[in-house]
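*Asks:* Pasting in a structure now, in structure tokens, and then I'll have a few things to ask.
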Amino acid sequence: MNFSCQQCGAMLERSDAFCTKCGARQSVVPQASPPRRFCIKCGAPLEGAKFCTKCVAPVDLPSDTLTTSPVPLATSTSGTEVSPVTNASSSAAPAAEPSRTPVVQSSDFPKVVIVAIGVAASLILAIVAGGIYVVHRARQKAATIEARSEIERTLADRRATIKPAPNGNNQAAVEDLKKKLAALAAAAQDPNTQAAVQDLNRRLAELSSAAQASKQNPNNTVDLDINKRLTALAATANSISQNSSNQTTPAGMAGLASAEAGSPATAEPVPIGPVAATGDQAHDWALKYERTVGGPEADLVVRTGDINNLGFGWPKGFDPFSGESTPPHRWPDSHRPPLGEPDGTDRIMIGSGVFPGLLAKMGDNNIQEELVAGRVALGPPSPASHPDGYSGAFAYSCPSSETRTSYSSAVDADFRARMAADCVHLRQTTMPQAIVLPVGELPSKINAVLFQLFIDDFQAPSLQSHFQVSLNATRIPTFEYAINSLDQSGPVGKLVSLNLLPEYWPLLRSGTVKLLIDDPTTHVGDGYAVDFVRILVNPRQSKYQVSLTATVTDADKHTPIAGATVSAALESVATDRDGKCELNGIPAGLVVAIATAPGYDENSVTANLPAGQTGHADIQLHAHQESTAALEQSIAQTGTATIYGIHFDTDSSKLRPDSLPALNAVMGLINNHPGSRWMIAGHTDNQGGTSHNQTLSEARAGSVVKWLTAHGVAASQLAPQGFGASRPVADNATANGRALNRRVEVSLSK
């Protein structure tokens with residue numbers, strides 16, 4: 001039987017005289033160990049807790065729940081074995097337990113801890129959820145405020161941009177720069193330097209006009225940042241002046257691009273005057289203006305615009321002359337056209353016919369007030385006012401009057417005023433600009449002239465726009481045929497090669513050619529862009545060539561048209577009896593095949609041909625119609641109606657009787673537009689002398705006007721004009737071409 005030490009409570013054997021733990025001497029009367037209790041439910045030992053630590057059964061059970069069966073020895077905290085306890089009914093009286101300080105037993109924790117953890121977790125989740133919601137709402141509000149602030153900042157910036165500079169500063173800067181340039185012109189001897197000075201003088205003249213307009217009209221928006229440009233030009237003029245004795249001045253001076261953009265001059269700046277190509281692609285393509293005489297491509301190559309894909313650059317190894325399309329790129333910023341690029345290049349342009357009501361008010365001092373009040377029509381009611389991506393900016397900056405009225409109560413007047421100013425600014429920055437090519441002296445003999453344009457996003461067939469193309473204010477019909485056949489998207493750029501007919505070569509002799517592409521009639525927002533334009537005089541064989549087969553048929557009868565003329569670039573052939581032909585040696589790119597035949601309207605089809613490929617074009621021609629309705633449609637789309645049904649005796653201005661149907665159609669057209677003014681133009685082929693043809697064309701136009709006035713049309717509505725053979729629509733080298741060039745044209749005067 002085991003006993004416990006009276007001093008420390010350790011378990012002892014009967015034979016022990018001293019405690020093995022504390023060394024105390026044992027008394028004669030042993031202290032029996034208190035009986036142990038065991039759970040009747042699971043048999044686990046009970047250590048005084050209120051619940052069984054194993055099965056969590058309550059401890060306060062009746063006495064019969066205590067087991068009397070011995071259990072295996074347990075180990076005390078000191079490592080001494082503890083003997084089994086006896087049943088509670090044993091005759092031996094149990095010794096009293098030593099007093100102990102009450103403690104919380106381990107079995108008290110499970111339920112309390114679980115409840116506490118649950119409550120704490122619920123509270124934490126509620127706090128976190130509330131915090132997340134508060135943060136989310138705060139962020140939403142901050143984003144809304146930031147978005148409105150961004151709009152405010154953008155419009156404020158654009159409004160500030162269109163404010164004219166102080167007139168006094170403008171005039172002073174102009175006068176100061178004129179003095180510097182006068183001194184420079186006297187000192188500069190190098191031809192390239194002189195060309196640069198001429199370019200600066202041209203720009204100064206434009207800025208001086210703008211400054212004068214600003215002085216007369218404080219609200220004028222003709223020039224957006226006169227002071228900035230004048231400062232840039234002054235810096236460039238100083239650079240030329242300081243280096244006028246240096247032979248390499250143009251190649252080494254700071255370019256207008258860097259100066260106008262406000263950036264510092266680079267180590268190898270781009271010149272502002274025409275510079276000859278060197279054969280180094282990296283150098284040549286960066287030139288804003290190129291003029292190369294006797295190079296590998298032609299006797300004369302003149303280019304305006306750097307070759308850089310509207311500033312987006314080319315993929316590695318890409319050659320835009322190879323005929324490959326550029327990868328799709330971003331839209332240029334219509335609000336901020338690049339500074340330093342030649343006029344008309346690397347920028348979005350949208351036809352001047354878009355928002356005609358606004359255009360009519362561009363010179364009005366109260367334009368912004370008119371816009372805010374809704375008294376100016378911002379665009380035609382049809383959705384075509386902004387159908388493509390390039391012109392989509394108008395949808396935000398220039399909403400319709402109905403849209404503006406719908407939100408006018410939700411925004412303040414100042415915000416509407418800034419939006420109106422932004423609309424004016426956007427219309428100004430996207431207005432078509434002429435691309436100026438400094439041709440200079442031409443070769444003594446000219447055999448051919450080829451224009452090459454790297455253009456982006458023309459979509460006339462899809463959007464029903466119609467572009468007019470002119471050189472020095474003279475419309476070039478064959479160029480218009482080509483441009484209006486293009487249906488680009490992406491946006492992607494493509495090289496187009498166009499033949500300039502010999503009758504238009506005199507336009508180059510002025511030394512400067514202004515190429516303008518515009519749609520003033522349809523009011524369709526077909527935005528477009530031009531990367532560069534080249535003129536090749538007496539071009540040599542192209543490095544990248546393609547071939548094209550074509551079939552020409554009657555669109556209504558579906559029969560082949562024999563003897564039709566098909567032209568692409570400098571190549572021109574006639575179709576055989578099956579309406580087929582083949583053209584070779586065409587420059588690669590977006591090839592435009594133009595088919596013409598007497599009695600038919602011309603038609604143009606494009607073929608996208610990289611170098612080395614052969615394409616095919618199916619071209620359908622519609623019979624020419626000259627009813628009043630047909631003339632109305634032509635006027636609405638192109639501004640001009642061509643009439644072949646007015647016939648004259650050979651080498652005479654006397655009208656033939658079979659001209660009556662066409663004359664009646666013209667009279668019906670004019671009567672449909674009371675109070676309008678019309679130009680009646682006569683055209684001949686190139687047979688005979690220039691002076692004779694000019695006189696003959698004038699007389700024929702006069703005969704038409706005389707007939708119309710005799711039949712009730714007011715003479716004040718009509719103006720006859722003759723052009724001789726100077727405005728051909730086809731090549732006079734063929735009989736078909738000469739037949740198409742003999743015509744009368746009716747145009748609605750502006």
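Lettering and numbering for the structure tokens are positional, with chains as A, B, ... in the shown order, residues counted from 1 in each chain, and ligands counted from 1 in the shown order.
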Show which residues sit within 9 Å of Ala588 (chain A), as number ranges by chain. Count only C-alpha atoms, and ignore same-chain residues fewer than 6 positions away.

*Replies:* A: 321-324, 495-497, 542-547, 608-613

*Asks:* Those same residues - N, CA and C atoms - I'd like them written as an mmCIF file, in the first residue's frame.

*Replies:*
```cif
data_model
loop_
_atom_site.group_PDB
_atom_site.id
_atom_site.type_symbol
_atom_site.label_atom_id
_atom_site.label_comp_id
_atom_site.auth_asym_id
_atom_site.auth_seq_id
_atom_site.Cartn_x
_atom_site.Cartn_y
_atom_site.Cartn_z
ATOM 1 N N PHE A 321 8.284 51.459 -99.397
ATOM 2 C CA PHE A 321 8.219 51.416 -100.856
ATOM 3 C C PHE A 321 8.078 49.992 -101.390
ATOM 4 N N SER A 322 8.125 49.007 -100.505
ATOM 5 C CA SER A 322 8.041 47.603 -100.924
ATOM 6 C C SER A 322 6.617 47.171 -101.221
ATOM 7 N N GLY A 323 5.637 48.001 -100.896
ATOM 8 C CA GLY A 323 4.248 47.647 -101.129
ATOM 9 C C GLY A 323 3.569 47.006 -99.948
ATOM 10 N N GLU A 324 4.304 46.691 -98.903
ATOM 11 C CA GLU A 324 3.699 46.111 -97.717
ATOM 12 C C GLU A 324 2.908 47.173 -96.955
ATOM 13 N N LEU A 495 1.416 53.081 -99.869
ATOM 14 C CA LEU A 495 2.000 53.906 -100.925
ATOM 15 C C LEU A 495 1.118 53.855 -102.167
ATOM 16 N N VAL A 496 0.792 55.035 -102.708
ATOM 17 C CA VAL A 496 0.000 55.154 -103.926
ATOM 18 C C VAL A 496 0.814 55.943 -104.948
ATOM 19 N N SER A 497 0.906 55.437 -106.179
ATOM 20 C CA SER A 497 1.671 56.094 -107.248
ATOM 21 C C SER A 497 0.709 56.568 -108.327
ATOM 22 N N SER A 542 11.358 51.265 -111.232
ATOM 23 C CA SER A 542 11.155 51.137 -109.794
ATOM 24 C C SER A 542 11.882 49.911 -109.250
ATOM 25 N N LYS A 543 12.436 50.048 -108.035
ATOM 26 C CA LYS A 543 13.118 48.937 -107.375
ATOM 27 C C LYS A 543 12.135 47.833 -107.023
ATOM 28 N N TYR A 544 10.928 48.213 -106.621
ATOM 29 C CA TYR A 544 9.895 47.245 -106.247
ATOM 30 C C TYR A 544 8.774 47.322 -107.281
ATOM 31 N N GLN A 545 8.571 46.242 -108.042
ATOM 32 C CA GLN A 545 7.598 46.254 -109.132
ATOM 33 C C GLN A 545 6.558 45.156 -108.945
ATOM 34 N N VAL A 546 5.372 45.411 -109.546
ATOM 35 C CA VAL A 546 4.293 44.426 -109.554
ATOM 36 C C VAL A 546 3.646 44.429 -110.930
ATOM 37 N N SER A 547 2.778 43.453 -111.159
ATOM 38 C CA SER A 547 2.017 43.364 -112.414
ATOM 39 C C SER A 547 0.532 43.288 -112.091
ATOM 40 N N ASN A 608 -4.016 45.597 -103.704
ATOM 41 C CA ASN A 608 -2.947 45.714 -102.712
ATOM 42 C C ASN A 608 -1.841 44.730 -103.080
ATOM 43 N N LEU A 609 -0.728 45.241 -103.638
ATOM 44 C CA LEU A 609 0.289 44.361 -104.206
ATOM 45 C C LEU A 609 1.679 44.659 -103.645
ATOM 46 N N PRO A 610 2.201 43.784 -102.770
ATOM 47 C CA PRO A 610 3.614 43.869 -102.379
ATOM 48 C C PRO A 610 4.510 43.502 -103.548
ATOM 49 N N ALA A 611 5.774 43.859 -103.458
ATOM 50 C CA ALA A 611 6.730 43.660 -104.549
ATOM 51 C C ALA A 611 6.748 42.215 -105.013
ATOM 52 N N GLY A 612 6.798 42.052 -106.355
ATOM 53 C CA GLY A 612 6.914 40.732 -106.955
ATOM 54 C C GLY A 612 5.607 40.033 -107.224
ATOM 55 N N GLN A 613 4.489 40.586 -106.787
ATOM 56 C CA GLN A 613 3.211 39.911 -106.954
ATOM 57 C C GLN A 613 2.490 40.383 -108.210
#
```

*Asks:* Just checking: using only C-alpha atoms, which residue out of A:Val513, A:Cys8, A:Leu486, A:Ala417 ends up closest to Leu471 (chain A)?

*Replies:* A:Val513

*Asks:* Can you pull out the residues contacting Ala641 (chain A)? Cut-off 9 Å, using only C-alpha atoms, and skip same-chain residues under 5 positions away; I want them as a PDB file with C-alpha atoms, in the first residue's frame.

*Replies:*
```
ATOM      1  CA  GLU A 626     -27.116  63.086-118.306  1.00  0.00           C
ATOM      2  CA  ALA A 630     -28.035  62.423-112.673  1.00  0.00           C
ATOM      3  CA  LEU A 631     -26.546  65.917-112.891  1.00  0.00           C
ATOM      4  CA  GLU A 632     -27.952  66.746-109.437  1.00  0.00           C
ATOM      5  CA  GLN A 633     -26.307  63.674-107.960  1.00  0.00           C
ATOM      6  CA  SER A 634     -22.952  64.541-109.497  1.00  0.00           C
ATOM      7  CA  ILE A 635     -23.127  68.125-108.243  1.00  0.00           C
ATOM      8  CA  VAL A 744     -18.736  70.708-121.181  1.00  0.00           C
ATOM      9  CA  GLU A 745     -18.708  70.970-117.396  1.00  0.00           C
ATOM     10  CA  VAL A 746     -21.236  72.690-115.161  1.00  0.00           C
ATOM     11  CA  SER A 747     -20.112  73.716-111.672  1.00  0.00           C
TER      12      SER A 747
END
```

*Asks:* Quick check for you: according to DSSP on this backbone, which residues of region 291-363 of chain A are classed as strand (DSSP E)? Reply as a ChimeraX atom specification.

*Replies:* /A:291-293,298-304

*Asks:* Could you pull the residues within 8 Å of Arg534 (chain A), counting only C-alpha atoms, minus those fewer than 4 positions along the same chain, as an NGL selection string?

*Replies:* :A and (301-304 or 451-453)

*Asks:* Suppose we keep C-alpha atoms; can you now write the selection as a PDB file, in the first residue's frame?

*Replies:*
```pdb
ATOM      1  CA  VAL A 301      13.082  63.741-106.634  1.00  0.00           C
ATOM      2  CA  VAL A 302      11.280  66.251-104.426  1.00  0.00           C
ATOM      3  CA  ARG A 303       9.734  65.169-101.138  1.00  0.00           C
ATOM      4  CA  THR A 304       7.877  66.895 -98.284  1.00  0.00           C
ATOM      5  CA  PHE A 451       3.493  61.485-107.693  1.00  0.00           C
ATOM      6  CA  GLN A 452       3.849  59.110-104.753  1.00  0.00           C
ATOM      7  CA  LEU A 453       1.772  59.592-101.609  1.00  0.00           C
TER       8      LEU A 453
END
```

*Asks:* Report, in Å with one decimal, the straight-line distance from CA of Val729 (chain A) to CA of Thr478 (chain A).

*Replies:*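 CA of Val729 (chain A) sits 6.2 Å away from CA of Thr478 (chain A).
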
*Asks:* Please identify all polymer residues within 9 Å of Thr553 (chain A), counting only C-alpha atoms, omitting same-chain residues fewer than 5 positions from it, and present them as a list in words.

*Replies:*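 Answer for this query is His558, Thr559, Pro560, Ile561, Ala562, Asp578, Gly579, Asp618, Ile619, Gln620 and Leu621 of chain A.
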
*Asks:* Find the residues of region 434-529 of chain A that sit at most 10 Å from region 331-344 of chain A; for each, write down the nearest two atoms and how far apart they are in Å, to one decimal. Count only C-alpha atoms. Sort by chain, then by number going up, and give it as JSON lines.

*Replies:*
```
{"residue": "A:Ala434", "atom": "CA", "partner": "A:Gly344", "partner_atom": "CA", "distance": 5.7}
{"residue": "A:Ile435", "atom": "CA", "partner": "A:Gly344", "partner_atom": "CA", "distance": 5.1}
{"residue": "A:Val436", "atom": "CA", "partner": "A:Asp343", "partner_atom": "CA", "distance": 7.2}
{"residue": "A:Leu437", "atom": "CA", "partner": "A:Pro342", "partner_atom": "CA", "distance": 9.7}
{"residue": "A:Gly490", "atom": "CA", "partner": "A:Trp331", "partner_atom": "CA", "distance": 9.5}
{"residue": "A:Pro491", "atom": "CA", "partner": "A:Trp331", "partner_atom": "CA", "distance": 7.3}
{"residue": "A:Val492", "atom": "CA", "partner": "A:Trp331", "partner_atom": "CA", "distance": 9.9}
{"residue": "A:Leu515", "atom": "CA", "partner": "A:Gly344", "partner_atom": "CA", "distance": 9.1}
{"residue": "A:Leu516", "atom": "CA", "partner": "A:Gly344", "partner_atom": "CA", "distance": 8.4}
{"residue": "A:Ile517", "atom": "CA", "partner": "A:Gly344", "partner_atom": "CA", "distance": 9.3}
{"residue": "A:Gly527", "atom": "CA", "partner": "A:Ser334", "partner_atom": "CA", "distance": 9.8}
{"residue": "A:Ala529", "atom": "CA", "partner": "A:Gly344", "partner_atom": "CA", "distance": 8.0}
```

*Asks:* For Ala739 (chain A), which of A:Ala460, A:Ala286, A:Ala725, A:Ile586 is the closest residue, counting only C-alpha atoms?

*Replies:*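 The closest residue to Ala739 (chain A) is A:Ala725.
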
*Asks:* I want to know what sits within 12 Å of Pro328 (chain A), based on only C-alpha atoms, with residues of the same chain fewer than 4 positions away left out; could you give that as a list in words?

*Replies:*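 Skipping anything fewer than 4 positions along the chain leaves Asn309, Leu310, Phe312, Gly313, Trp314, Pro315, Asp456, Asp457, Gln488, Ser489, Gly490, Pro491, Val492, Gly493 and Lys494 of chain A.
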
*Asks:* Those residues with C-alpha atoms, as a short mmCIF file (atom, residue, chain, number, x, y, z; two decimals), in the first residue's frame please?

*Replies:*
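Contents of part34.cif, as written:
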```cif
data_model
loop_
_atom_site.label_atom_id
_atom_site.label_comp_id
_atom_site.auth_asym_id
_atom_site.auth_seq_id
_atom_site.Cartn_x
_atom_site.Cartn_y
_atom_site.Cartn_z
CA ASN A 309 4.58 56.49 -90.57
CA LEU A 310 2.89 59.58 -89.09
CA PHE A 312 4.71 56.03 -85.17
CA GLY A 313 7.81 54.57 -86.86
CA TRP A 314 8.31 51.37 -88.83
CA PRO A 315 8.86 47.78 -87.70
CA ASP A 456 -3.66 56.68 -94.31
CA ASP A 457 -7.37 55.96 -93.74
CA GLN A 488 -8.39 51.96 -96.09
CA SER A 489 -8.98 51.15 -92.45
CA GLY A 490 -6.94 49.91 -89.54
CA PRO A 491 -5.65 52.61 -89.57
CA VAL A 492 -2.80 51.58 -91.88
CA GLY A 493 -0.62 53.46 -94.35
CA LYS A 494 -0.03 52.59 -97.99
#
```

*Asks:* Leaving out Asp649 (chain A) and any residue of its chain fewer than 6 positions from it, which residues lie within 12 Å of it when counting only C-alpha atoms, given as a PyMOL selection string?

*Replies:* chain A and resi 655-659+696+700

*Asks:* With N, CA and C atoms retained, write the just-selected residues as a tab-separated table (two decimals), in the first residue's frame.

*Replies:*
```
chain	number	residue	atom	x	y	z
A	655	LEU	N	-23.93	74.85	-131.99
A	655	LEU	CA	-24.58	73.71	-131.37
A	655	LEU	C	-25.31	72.87	-132.41
A	656	ARG	N	-25.20	71.54	-132.26
A	656	ARG	CA	-25.91	70.63	-133.13
A	656	ARG	C	-27.28	70.31	-132.54
A	657	PRO	N	-28.26	69.96	-133.39
A	657	PRO	CA	-29.62	69.68	-132.89
A	657	PRO	C	-29.67	68.54	-131.88
A	658	ASP	N	-28.75	67.56	-131.99
A	658	ASP	CA	-28.81	66.42	-131.06
A	658	ASP	C	-28.33	66.80	-129.65
A	659	SER	N	-28.01	68.08	-129.44
A	659	SER	CA	-27.60	68.55	-128.11
A	659	SER	C	-28.79	68.89	-127.23
A	696	LEU	N	-11.49	78.29	-128.97
A	696	LEU	CA	-12.62	77.43	-129.32
A	696	LEU	C	-13.41	77.04	-128.06
A	700	ARG	N	-17.41	77.85	-127.31
A	700	ARG	CA	-18.39	76.80	-127.07
A	700	ARG	C	-19.11	77.01	-125.74
```

*Asks:* Could you tell me how far CA of Ile307 (chain A) lies from CA of Pro320 (chain A), in Å and to one decimal?

*Replies:* 8.4 Å

*Asks:* Rounded to one decimal place, report the CA of Ala715 (chain A)-CA of Asn671 (chain A) distance in Å.

*Replies:*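 Computing it gives 12.6 Å between the two atoms.
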
*Asks:* Looking at A:Ser749, A:Asn584, A:Thr650, A:Ser572, which one is nearest to Asn736 (chain A), with distances taken over only C-alpha atoms?

*Replies:*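 For Asn736 (chain A), the nearest of the given residues is A:Ser572.
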